[in-house]
Every structure is written in structure tokens, then in C-alpha cells.
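Reproduced below: query-v4.txt, with compact mmCIF, C-alpha atoms.
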# COMPACT_ATOMS: atom_id res chain seq x y z
CA MET A 1 -31.58 -3.31 24.01
CA THR A 2 -32.36 0.40 24.02
CA LYS A 3 -30.42 2.94 22.00
CA GLU A 4 -28.75 4.17 25.19
CA GLU A 5 -27.58 0.68 26.04
CA LEU A 6 -26.33 0.18 22.49
CA PHE A 7 -24.36 3.42 22.66
CA HIS A 8 -22.86 2.39 25.97
CA ARG A 9 -21.86 -1.00 24.53
CA LEU A 10 -20.38 0.72 21.46
CA SER A 11 -18.42 3.05 23.70
CA THR A 12 -16.94 0.10 25.62
CA VAL A 13 -15.96 -1.70 22.42
CA LEU A 14 -14.31 1.44 20.99
CA GLN A 15 -12.25 1.88 24.14
CA ASP A 16 -11.27 -1.77 24.55
CA THR A 17 -10.58 -2.70 20.94
CA PHE A 18 -9.19 0.55 19.56
CA GLU A 19 -8.16 2.49 22.68
CA ILE A 20 -10.27 5.44 21.61
CA ASP A 21 -10.14 8.32 24.09
CA PRO A 22 -13.50 8.31 25.97
CA GLU A 23 -13.58 12.11 25.64
CA LEU A 24 -13.99 11.71 21.87
CA ILE A 25 -16.86 9.22 22.09
CA ARG A 26 -19.94 11.35 21.49
CA PRO A 27 -23.01 10.56 19.34
CA GLU A 28 -22.01 13.15 16.71
CA ALA A 29 -18.38 11.91 16.45
CA ARG A 30 -17.56 10.77 12.90
CA LEU A 31 -16.03 7.30 12.59
CA ARG A 32 -13.36 8.05 10.00
CA GLU A 33 -12.52 11.69 10.57
CA ASP A 34 -12.82 12.03 14.35
CA LEU A 35 -12.13 8.50 15.61
CA ASP A 36 -9.77 7.19 12.91
CA ILE A 37 -11.81 4.03 12.38
CA ASP A 38 -11.04 2.59 8.94
CA SER A 39 -12.89 -0.08 6.96
CA ILE A 40 -10.79 -2.88 8.49
CA ASP A 41 -11.67 -1.65 11.98
CA ALA A 42 -15.34 -1.54 10.95
CA VAL A 43 -15.16 -5.28 10.28
CA ASP A 44 -13.72 -5.86 13.77
CA LEU A 45 -16.44 -3.68 15.22
CA ILE A 46 -19.17 -5.63 13.43
CA VAL A 47 -17.84 -8.97 14.68
CA GLN A 48 -18.41 -7.72 18.22
CA PHE A 49 -22.05 -6.85 17.55
CA ARG A 50 -22.99 -10.04 15.72
CA PRO A 51 -24.07 -11.76 18.98
CA TYR A 52 -26.77 -9.10 19.41
CA VAL A 53 -27.86 -8.57 15.85
CA GLY A 54 -27.10 -11.84 14.12
CA LYS A 55 -25.58 -12.78 10.81
CA ARG A 56 -27.52 -10.19 8.87
CA LEU A 57 -25.04 -7.58 10.06
CA GLN A 58 -22.78 -7.16 7.03
CA PRO A 59 -19.79 -4.83 6.65
CA ASP A 60 -21.66 -2.76 4.02
CA VAL A 61 -23.94 -1.50 6.80
CA PHE A 62 -21.05 0.77 7.73
CA LYS A 63 -20.65 2.17 4.23
CA SER A 64 -23.66 4.43 4.72
CA VAL A 65 -22.93 5.49 8.30
CA ARG A 66 -20.83 8.48 9.29
CA THR A 67 -21.33 9.11 13.00
CA LEU A 68 -21.67 6.98 16.12
CA GLN A 69 -25.34 7.94 16.28
CA ASP A 70 -25.76 6.48 12.75
CA VAL A 71 -24.15 3.23 13.98
CA VAL A 72 -26.53 3.03 16.94
CA ASP A 73 -29.54 3.75 14.70
CA ALA A 74 -28.46 1.10 12.16
CA LEU A 75 -27.90 -1.52 14.88
CA HIS A 76 -31.17 -0.66 16.57
CA GLY A 77 -33.03 -0.98 13.27
CA LEU A 78 -31.52 -4.41 12.63
CA MET A 79 -32.43 -5.57 16.15
CA GLN A 80 -36.05 -4.48 15.68
CA GLU A 81 -36.15 -6.48 12.43
CA SER A 82 -34.81 -9.65 14.05
CA VAL A 83 -37.39 -9.32 16.85
CA GLU A 84 -40.25 -8.97 14.36
CA ALA A 85 -38.99 -11.78 12.12
CA MET B 1 25.89 27.01 -20.38
CA ARG B 2 26.78 23.37 -19.84
CA GLU B 3 24.41 23.21 -16.92
CA ARG B 4 21.59 24.68 -18.98
CA LEU B 5 22.23 22.18 -21.76
CA ASN B 6 22.26 19.32 -19.28
CA HIS B 7 18.99 20.58 -17.81
CA LEU B 8 17.37 20.74 -21.26
CA TRP B 9 18.73 17.29 -22.09
CA ARG B 10 17.17 15.84 -18.97
CA ILE B 11 13.76 17.27 -19.87
CA VAL B 12 13.97 15.61 -23.30
CA ALA B 13 15.39 12.40 -21.84
CA THR B 14 12.65 12.17 -19.19
CA GLY B 15 10.06 12.44 -21.96
CA LEU B 16 11.90 9.75 -23.93
CA ALA B 17 12.11 7.44 -20.92
CA PHE B 18 8.40 7.69 -20.11
CA THR B 19 7.45 7.30 -23.77
CA ALA B 20 9.57 4.14 -23.89
CA PHE B 21 7.85 2.91 -20.72
CA GLY B 22 4.38 3.49 -22.21
CA LEU B 23 5.22 2.00 -25.60
CA GLY B 24 6.89 -0.96 -23.95
CA GLY B 25 3.75 -1.55 -21.90
CA VAL B 26 1.50 -1.49 -24.98
CA LEU B 27 3.87 -3.67 -26.98
CA PHE B 28 4.07 -6.28 -24.21
CA ALA B 29 0.31 -6.18 -23.71
CA LEU B 30 -0.19 -6.93 -27.41
CA THR B 31 2.51 -9.57 -27.87
CA VAL B 32 4.31 -11.18 -24.94
CA PHE B 33 1.43 -11.49 -22.47
CA PRO B 34 -1.22 -12.87 -24.86
CA ILE B 35 1.31 -15.46 -26.05
CA LEU B 36 2.10 -16.33 -22.45
CA THR B 37 -1.58 -16.67 -21.57
CA LEU B 38 -2.21 -18.92 -24.58
CA SER B 39 0.90 -21.06 -24.31
CA ILE B 40 1.18 -21.78 -20.58
CA ARG B 41 -1.89 -23.34 -19.00
CA ASP B 42 -0.46 -23.79 -15.51
CA THR B 43 -1.49 -20.62 -13.65
CA VAL B 44 1.28 -20.71 -11.04
CA ARG B 45 4.00 -21.18 -13.64
CA ARG B 46 2.51 -18.51 -15.89
CA ARG B 47 2.42 -16.03 -13.02
CA ARG B 48 6.04 -16.68 -12.16
CA ILE B 49 7.12 -16.09 -15.74
CA ALA B 50 4.95 -12.98 -16.09
CA ARG B 51 6.41 -11.56 -12.88
CA ARG B 52 9.92 -12.36 -14.11
CA ILE B 53 9.18 -10.46 -17.32
CA VAL B 54 7.87 -7.46 -15.38
CA GLN B 55 10.93 -7.56 -13.09
CA THR B 56 13.35 -7.68 -16.02
CA SER B 57 11.65 -4.89 -17.95
CA PHE B 58 11.51 -2.67 -14.86
CA ALA B 59 15.24 -3.29 -14.27
CA ALA B 60 15.82 -2.32 -17.91
CA PHE B 61 13.83 0.87 -17.34
CA VAL B 62 15.98 1.82 -14.33
CA GLN B 63 19.10 1.21 -16.46
CA LEU B 64 17.62 3.37 -19.21
CA MET B 65 17.06 6.28 -16.82
CA PHE B 66 20.57 5.80 -15.39
CA ARG B 67 22.21 5.75 -18.83
CA LEU B 68 20.25 8.79 -19.96
CA GLY B 69 21.83 10.65 -17.03
CA LEU B 70 18.53 11.19 -15.20
CA LEU B 71 19.41 9.46 -11.98
CA ASN B 72 22.01 7.54 -10.04
CA TYR B 73 21.41 5.15 -7.20
CA THR B 74 22.90 3.24 -4.28
CA ILE B 75 21.12 0.11 -3.12
CA SER B 76 22.15 -1.57 0.11
CA GLY B 77 20.91 -4.94 1.31
CA HIS B 78 19.30 -5.87 -2.02
CA GLU B 79 20.36 -9.52 -1.51
CA LYS B 80 17.73 -9.67 1.27
CA LEU B 81 15.04 -9.25 -1.37
CA ALA B 82 15.96 -12.48 -3.15
CA ARG B 83 14.09 -14.54 -0.53
CA PRO B 84 10.48 -15.67 -1.12
CA GLY B 85 7.36 -14.52 0.70
CA LEU B 86 8.48 -11.05 1.80
CA LEU B 87 6.14 -8.31 2.90
CA VAL B 88 8.09 -5.29 1.63
CA LEU B 89 6.90 -2.00 3.11
CA ALA B 90 8.51 1.18 1.80
CA ASN B 91 8.04 4.92 1.94
CA HIS B 92 6.99 6.51 -1.32
CA PRO B 93 8.79 9.72 -2.36
CA THR B 94 8.64 9.32 -6.16
CA LEU B 95 6.77 7.93 -9.13
CA ILE B 96 9.41 5.28 -9.84
CA ASP B 97 9.81 3.71 -6.36
CA VAL B 98 7.71 0.75 -7.39
CA VAL B 99 9.84 0.28 -10.51
CA PHE B 100 12.99 0.09 -8.37
CA LEU B 101 11.48 -2.36 -5.88
CA ILE B 102 9.85 -4.67 -8.43
CA SER B 103 13.12 -4.74 -10.38
CA LEU B 104 14.76 -6.28 -7.29
CA LEU B 105 12.06 -8.88 -6.51
CA PRO B 106 11.95 -12.17 -8.47
CA ASN B 107 8.35 -13.09 -7.59
CA ALA B 108 6.60 -9.87 -6.70
CA ASP B 109 2.88 -9.54 -6.26
CA CYS B 110 1.32 -6.08 -6.25
CA VAL B 111 -1.93 -4.54 -5.17
CA VAL B 112 -3.30 -2.64 -8.15
CA LYS B 113 -6.43 -0.59 -8.80
CA SER B 114 -9.11 -2.96 -10.07
CA SER B 115 -9.55 -0.67 -13.10
CA LEU B 116 -6.08 -1.74 -14.27
CA ALA B 117 -7.36 -5.30 -14.72
CA ARG B 118 -9.86 -3.95 -17.28
CA ASN B 119 -7.74 -1.25 -18.96
CA PRO B 120 -6.69 -2.69 -22.38
CA PHE B 121 -3.11 -1.42 -21.97
CA THR B 122 -2.49 -2.91 -18.56
CA ARG B 123 -4.77 -5.91 -18.30
CA GLY B 124 -2.30 -8.20 -20.10
CA PRO B 125 0.45 -8.04 -17.48
CA VAL B 126 -1.95 -7.46 -14.55
CA ARG B 127 -3.89 -10.64 -15.32
CA ALA B 128 -0.92 -12.77 -16.39
CA ALA B 129 1.02 -11.83 -13.25
CA GLY B 130 -2.07 -12.42 -11.10
CA TYR B 131 -1.82 -9.10 -9.25
CA ILE B 132 -4.24 -8.47 -6.40
CA CYS B 133 -7.06 -6.02 -7.13
CA ASN B 134 -8.02 -3.55 -4.42
CA ASP B 135 -11.81 -3.73 -4.62
CA THR B 136 -12.85 -4.85 -1.13
CA SER B 137 -10.81 -4.12 1.96
CA GLU B 138 -11.90 -7.11 4.02
CA GLY B 139 -11.20 -9.60 1.26
CA MET B 140 -8.04 -7.81 0.23
CA ILE B 141 -6.23 -8.32 3.55
CA GLU B 142 -7.00 -12.05 3.25
CA ASP B 143 -5.89 -12.16 -0.40
CA CYS B 144 -2.58 -10.53 0.52
CA ILE B 145 -1.93 -12.98 3.36
CA VAL B 146 -2.70 -15.96 1.10
CA SER B 147 -0.37 -14.60 -1.58
CA LEU B 148 2.49 -14.14 0.91
CA LYS B 149 2.03 -17.60 2.43
CA SER B 150 2.20 -19.10 -1.05
CA GLY B 151 5.70 -17.60 -1.42
CA SER B 152 5.02 -14.44 -3.42
CA SER B 153 6.57 -11.22 -2.19
CA LEU B 154 4.31 -8.24 -1.82
CA VAL B 155 5.27 -4.58 -2.16
CA ILE B 156 3.08 -2.06 -0.38
CA PHE B 157 3.51 1.66 0.22
CA PRO B 158 1.59 2.19 3.46
CA GLU B 159 1.27 5.89 2.63
CA GLY B 160 -1.11 4.83 -0.13
CA THR B 161 0.13 7.65 -2.33
CA ARG B 162 3.37 9.55 -2.82
CA THR B 163 4.71 11.57 0.14
CA ALA B 164 3.62 15.22 0.20
CA LEU B 165 6.30 17.73 -0.81
CA ASP B 166 6.55 19.06 2.75
CA GLY B 167 7.58 15.52 3.81
CA SER B 168 4.64 14.94 6.15
CA MET B 169 3.16 11.44 6.08
CA LYS B 170 -0.14 9.84 6.94
CA LEU B 171 0.00 6.04 6.80
CA GLN B 172 -2.97 3.77 6.08
CA ARG B 173 -3.20 0.73 8.35
CA GLY B 174 -3.89 -1.92 5.69
CA ALA B 175 -0.27 -3.01 5.32
CA ALA B 176 0.20 -3.31 9.09
CA ASN B 177 -3.00 -5.33 9.30
CA ILE B 178 -1.63 -7.80 6.75
CA ALA B 179 1.54 -8.23 8.83
CA ILE B 180 -0.30 -8.53 12.15
CA ARG B 181 -3.19 -10.76 11.07
CA GLY B 182 -0.97 -12.98 8.92
CA ARG B 183 1.82 -13.05 11.56
CA ILE B 184 4.22 -12.12 8.76
CA PRO B 185 7.48 -10.27 9.45
CA VAL B 186 7.97 -6.91 7.73
CA THR B 187 10.91 -6.14 5.44
CA PRO B 188 11.18 -2.34 5.63
CA VAL B 189 12.78 -0.38 2.81
CA LEU B 190 13.83 3.26 3.09
CA ILE B 191 13.87 5.23 -0.16
CA ARG B 192 15.55 8.62 -0.26
CA CYS B 193 15.64 10.80 -3.34
CA ALA B 194 17.57 14.08 -3.53
CA PRO B 195 16.74 16.41 -5.09
CA ARG B 196 13.11 15.43 -4.73
CA SER B 197 11.54 14.94 -8.15
CA LEU B 198 8.76 12.96 -9.84
CA ALA B 199 6.88 13.71 -6.64
CA LYS B 200 3.16 14.10 -6.19
CA GLY B 201 2.07 17.36 -7.75
CA THR B 202 5.37 17.86 -9.62
CA PRO B 203 4.91 17.47 -13.40
CA TRP B 204 7.44 15.13 -15.03
CA TRP B 205 8.99 17.88 -17.12
CA LYS B 206 9.97 19.92 -14.05
CA VAL B 207 13.34 18.20 -13.81
CA PRO B 208 15.52 19.10 -10.81
CA ALA B 209 18.72 21.21 -10.95
CA ARG B 210 20.86 18.06 -10.93
CA PRO B 211 20.16 14.37 -11.61
CA MET B 212 18.13 12.56 -8.95
CA SER B 213 20.20 10.59 -6.49
CA PHE B 214 18.40 7.56 -5.00
CA THR B 215 19.49 5.81 -1.83
CA ILE B 216 17.57 2.60 -1.27
CA GLU B 217 18.17 0.77 1.95
CA VAL B 218 16.70 -2.69 2.57
CA LEU B 219 16.55 -3.15 6.34
CA ASP B 220 16.53 -6.43 8.28
CA ASP B 221 13.22 -8.25 8.72
CA MET B 222 11.17 -7.04 11.63
CA PRO B 223 9.15 -9.67 13.54
CA VAL B 224 5.62 -8.60 14.46
CA ASP B 225 5.33 -10.54 17.76
CA PRO B 226 6.43 -7.60 19.93
CA PHE B 227 3.53 -5.56 18.54
CA ILE B 228 0.99 -8.31 19.14
CA SER B 229 1.96 -9.16 22.73
CA ALA B 230 -0.62 -6.82 24.27
CA GLY B 231 -4.18 -6.22 23.14
CA SER B 232 -6.23 -6.72 20.01
CA ASP B 233 -5.01 -7.08 16.44
CA ALA B 234 -6.48 -3.64 15.75
CA LEU B 235 -4.25 -2.12 18.45
CA ALA B 236 -1.19 -4.06 17.24
CA ALA B 237 -1.79 -2.73 13.70
CA ARG B 238 -1.96 0.82 15.09
CA LYS B 239 1.32 0.35 16.97
CA LEU B 240 3.08 -1.13 13.95
CA THR B 241 1.78 1.71 11.75
CA ARG B 242 3.11 4.33 14.17
CA PHE B 243 6.46 2.51 14.26
CA LEU B 244 6.69 2.48 10.45
CA HIS B 245 5.75 6.15 10.31
CA ASP B 246 8.66 7.07 12.60
CA LEU B 247 11.00 4.71 10.75
CA PHE B 248 10.16 6.24 7.37
CA LEU B 249 10.76 9.73 8.75
CA SER B 250 14.05 8.84 10.43
CA PRO B 251 17.23 9.91 8.64
CA SER B 252 18.84 7.08 6.68
CA SER B 253 20.99 5.05 9.04
CA SER B 254 24.01 5.06 6.75
CA HIS B 255 25.47 6.69 3.62
CA ALA B 256 22.78 9.34 3.66
CA ASN B 257 24.82 11.73 1.56
CA SER B 258 26.61 9.34 -0.73
CA ALA B 259 26.14 9.38 -4.46
CA THR B 260 27.47 7.02 -7.07
Just dump the structure as C-alpha cells.
Amino acid sequence: MTKEELFHRLSTVLQDTFEIDPELIRPEARLREDLDIDSIDAVDLIVQFRPYVGKRLQPDVFKSVRTLQDVVDALHGLMQESVEA
Amino acid sequence: MRERLNHLWRIVATGLAFTAFGLGGVLFALTVFPILTLSIRDTVRRRRIARRIVQTSFAAFVQLMFRLGLLNYTISGHEKLARPGLLVLANHPTLIDVVFLISLLPNADCVVKSSLARNPFTRGPVRAAGYICNDTSEGMIEDCIVSLKSGSSLVIFPEGTRTALDGSMKLQRGAANIAIRGRIPVTPVLIRCAPRSLAKGTPWWKVPARPMSFTIEVLDDMPVDPFISAGSDALAARKLTRFLHDLFLSPSSSHANSAT
């Protein structure tokens, strides 16, 4: 999956699970401040990406991310690792 | 003149009341709770007794403040709080809201800062009563649901901290998530305090012009099914949180101006 595809998938999940306004979904949008995603939501979000990334995706991944671009980068990094492993 | 004297008295009395609260806490931590921990091996029974002790001492503290002339109060629907396993969600105008609510609940669990389980002055009651520590959010929601299903009641202030002086509120969604994910009805409580005092950012010695008048209204249980009917749990928690926000801001449904 490319980063573009990941972002698109993330956008769909944000709209379906949290009813986030598509207008707000931009790479630089901050999870907590701009999108009102809290730590409980982050767990829900992660569950939806486990099929792509596997069990190594833990909730603490989201402790160090601030923006949607950070999420995409983190997911992409994890996917690269699982391909190489 | 009389008013000025009364005002001065209430400054002194507030200091006395809080000193008594602190000393009582230390005294209990050094005597009652260690004895309890050593003498009762059964955890469930020990918790019940510890919670009973906390309830009784908080009720005594409310009586102390009442008798010192610092506050008066009207509580409606308090009999509803005698049932087990309640998720009690209240707004949070003052420092002593939790004291009022715990004093009315026979088997109350609380979510406390995890540092309180290590602090030498508080760890006695916190550990004996088995209060939930707020270290991880994912685990905490689960811990709260388990506690409620086991019959403990749980008091949470969804605002997370006391209401701002301008009255505006921003609710966290943790409490709603407990209700939604555990399929547990909510028992809402409205707390009004006039004049506003012991609020966030108001030092304790800034006592109001007249004694505080509390109106505490325990509302009927609110089932969560209507919030769940459409969409994900995350959406249901958002809806319930918005509902609670509006409920907390609504004027008290009855005896809004009464004072005892």
C-alpha cells in the first residue's frame, strides 16, 4: 500500500467511524486539536488498521504522532517492516 | 457589622474544616486503614468496609461544614443512589462535589490519579478501598466496566476538572465510553452551587458574600440504547457526551432557587 492509499483509507475510517467532516481531513490536521480524536478513539482507529499492519501495531504508536501525515508515516513504516521480516 | 463578622467567621471556619479534613486523612491513613489491611484478608469485604468508612467520614465532613455555617444543601432523589452498580455522572462546580456524592453512595469506587496510590497520606484509603488508578486509558475503560458489573458504583465528573468560572464546559468522552461500551445506564446528577465558591482558580479563603447553597438533584437512570442504535460505539459516545453537556448546562428542573 502506498502512502496515498493509506491516507485515503485513513480518511474513510475517520469519516465512517467518527463522522469527521471531510473538509477537515488534511495531512497537516492534528488528531487531538483539529479532529477531536482522543486516546480511546485512537484505539478504535488502530483496530481498523491491524488487518494491514498486523499485531505489532500497538496503541503507543499514537503517543508520538500529532498529525494525520504522522499516522500515515508510522503505518507505512510498520508495513515496510512486516514486508522485510 | 454582623455581616462582616459572619464573613470573617467563615474564612476561619473554612480553614478549620479543611484542616480537619487533612488531619482526618492522615490519622485514618496511620490507624484505621493499616488495621483494616492487616485484619481483613478477604479483599472484597475489606474494600466494602473501607468504602463505608470513606462514605461515613465524608458525610461527617459535610455535616461539619453545615454546622460551621459554611453551606446549606437540598438533595433530591438521594434514595436512587442506594442501589448497587450505578454509573454516576455529575457536573463539577466545586471542590467538594465528590465529598457530597461519595457521602451518599454505600459502595463507591472512584478513579484517582495513580500518584495517590503512592502518596503516603492517601495510599492507605486508596489501596484499601481498591480505587481505580487512571494510568492507561484503554485499560481504564475496561477496569471501570468490570467494577460496575461487580456491583460497585462509580462517580465520574466528565468535565475532568472543575467547571470554569464563566460556566463554559468541555466534556471528556471517557465516561460516555464506559456507559456505551459496558451497556450501562447513566445516573445523572446535577449540582448547583450559589454563590459559586471553592471553584477552580478561587482560593479557599475567598469565601462568598453569603454561605454556599447547594442543590443536588439525582435524576432518573438514562438507558444508553437510544444512543447506540445507529453507528459505531465511538459515535454513540460522542452523542451521549453532547447530551450530558446540554443536560449539565440546563437550568435545574425544580427548586432551582430554594434554600434550606
Residue hits in chain A, query chain B, radius 8 Å, all atoms listed in the file, as number ranges by chain: A: 17-19, 39-41, 43-44
Store the residues picked out above, limited to C-alpha atoms, as a PDB file, in the frame of the given file.
ATOM      1  CA  THR A  17     -10.580  -2.700  20.940  1.00  0.00           C
ATOM      2  CA  PHE A  18      -9.190   0.550  19.560  1.00  0.00           C
ATOM      3  CA  GLU A  19      -8.160   2.490  22.680  1.00  0.00           C
ATOM      4  CA  SER A  39     -12.890  -0.080   6.960  1.00  0.00           C
ATOM      5  CA  ILE A  40     -10.790  -2.880   8.490  1.00  0.00           C
ATOM      6  CA  ASP A  41     -11.670  -1.650  11.980  1.00  0.00           C
ATOM      7  CA  VAL A  43     -15.160  -5.280  10.280  1.00  0.00           C
ATOM      8  CA  ASP A  44     -13.720  -5.860  13.770  1.00  0.00           C
TER       9      ASP A  44
END
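Our summary of the geometry notes that CA of Phe18 (chain B) is positioned 19.9 Å from CA of Val32 (chain B).
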Distance criterion (only C-alpha atoms): nearest to Leu75 (chain A) out of A:Arg26, A:Lys3, A:Lys63, A:His8: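 Closest candidate: A:Lys3.
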Nearby residues (all atoms listed in the file) at most 12 Å from Ile96 (chain B), same-chain spacing under 4 positions excluded, as a ChimeraX atom specification: /B:17-18,21,58-59,61-62,65,71,91-92,100-103,162,191-193,196-200,204,212,214
Test item: residues at most 10 Å from Leu247 (chain B), all atoms listed in the file, excluding those fewer than 6 positions along its chain, as number ranges by chain: B: 90-91, 188-190, 241
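Between Pro27 (chain A) and the candidates A:Val71, A:Val47, A:Val13, A:Met79, the tightest atom-to-atom separation, counting all atoms listed in the file, involves A:Val71.
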Nearest candidate to Arg41 (chain B) (options B:Ser229, B:Pro93, B:Leu219, B:Ala128; using only C-alpha atoms): B:Ala128
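The coordinates place CA of Asp38 (chain A) at 21.3 Å from CA of Val53 (chain A).
The space separating CA of Arg183 (chain B) from CA of Asp221 (chain B) comes to 12.7 Å.
Among the candidate residues A:Asp16, A:Glu81, A:Glu5, A:Asp70, the one lying nearest to Ala29 (chain A) is A:Asp70, with distances computed using only C-alpha atoms.
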Polymer residues at most 12 Å from Leu68 (chain A), all atoms listed in the file, same-chain spacing of 2 or more positions, as a PyMOL selection string: chain A and resi 3-4+6-11+14+24-35+37+42+45+62+64-66+70-75
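When all atoms listed in the file are used to measure the gap to Thr161 (chain B), the shortest distance among B:Leu95, B:Leu105, B:Ile178, B:Ile145 belongs to B:Leu95.
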Residues near region 113-127 of chain B, cut-off 12 Å, only C-alpha atoms, skip fewer than 3 positions along chain, as an NGL selection string: :B and (21-38 or 43 or 46-55 or 57 or 108-110 or 130-136 or 140 or 160)
Nearest to Arg2 (chain B), chosen from B:Cys144, B:Arg210, B:Ala230, B:Leu249, with all atoms listed in the file counted in the distances: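 Looking at the shortest contact to Arg2 (chain B), the residue is B:Arg210.
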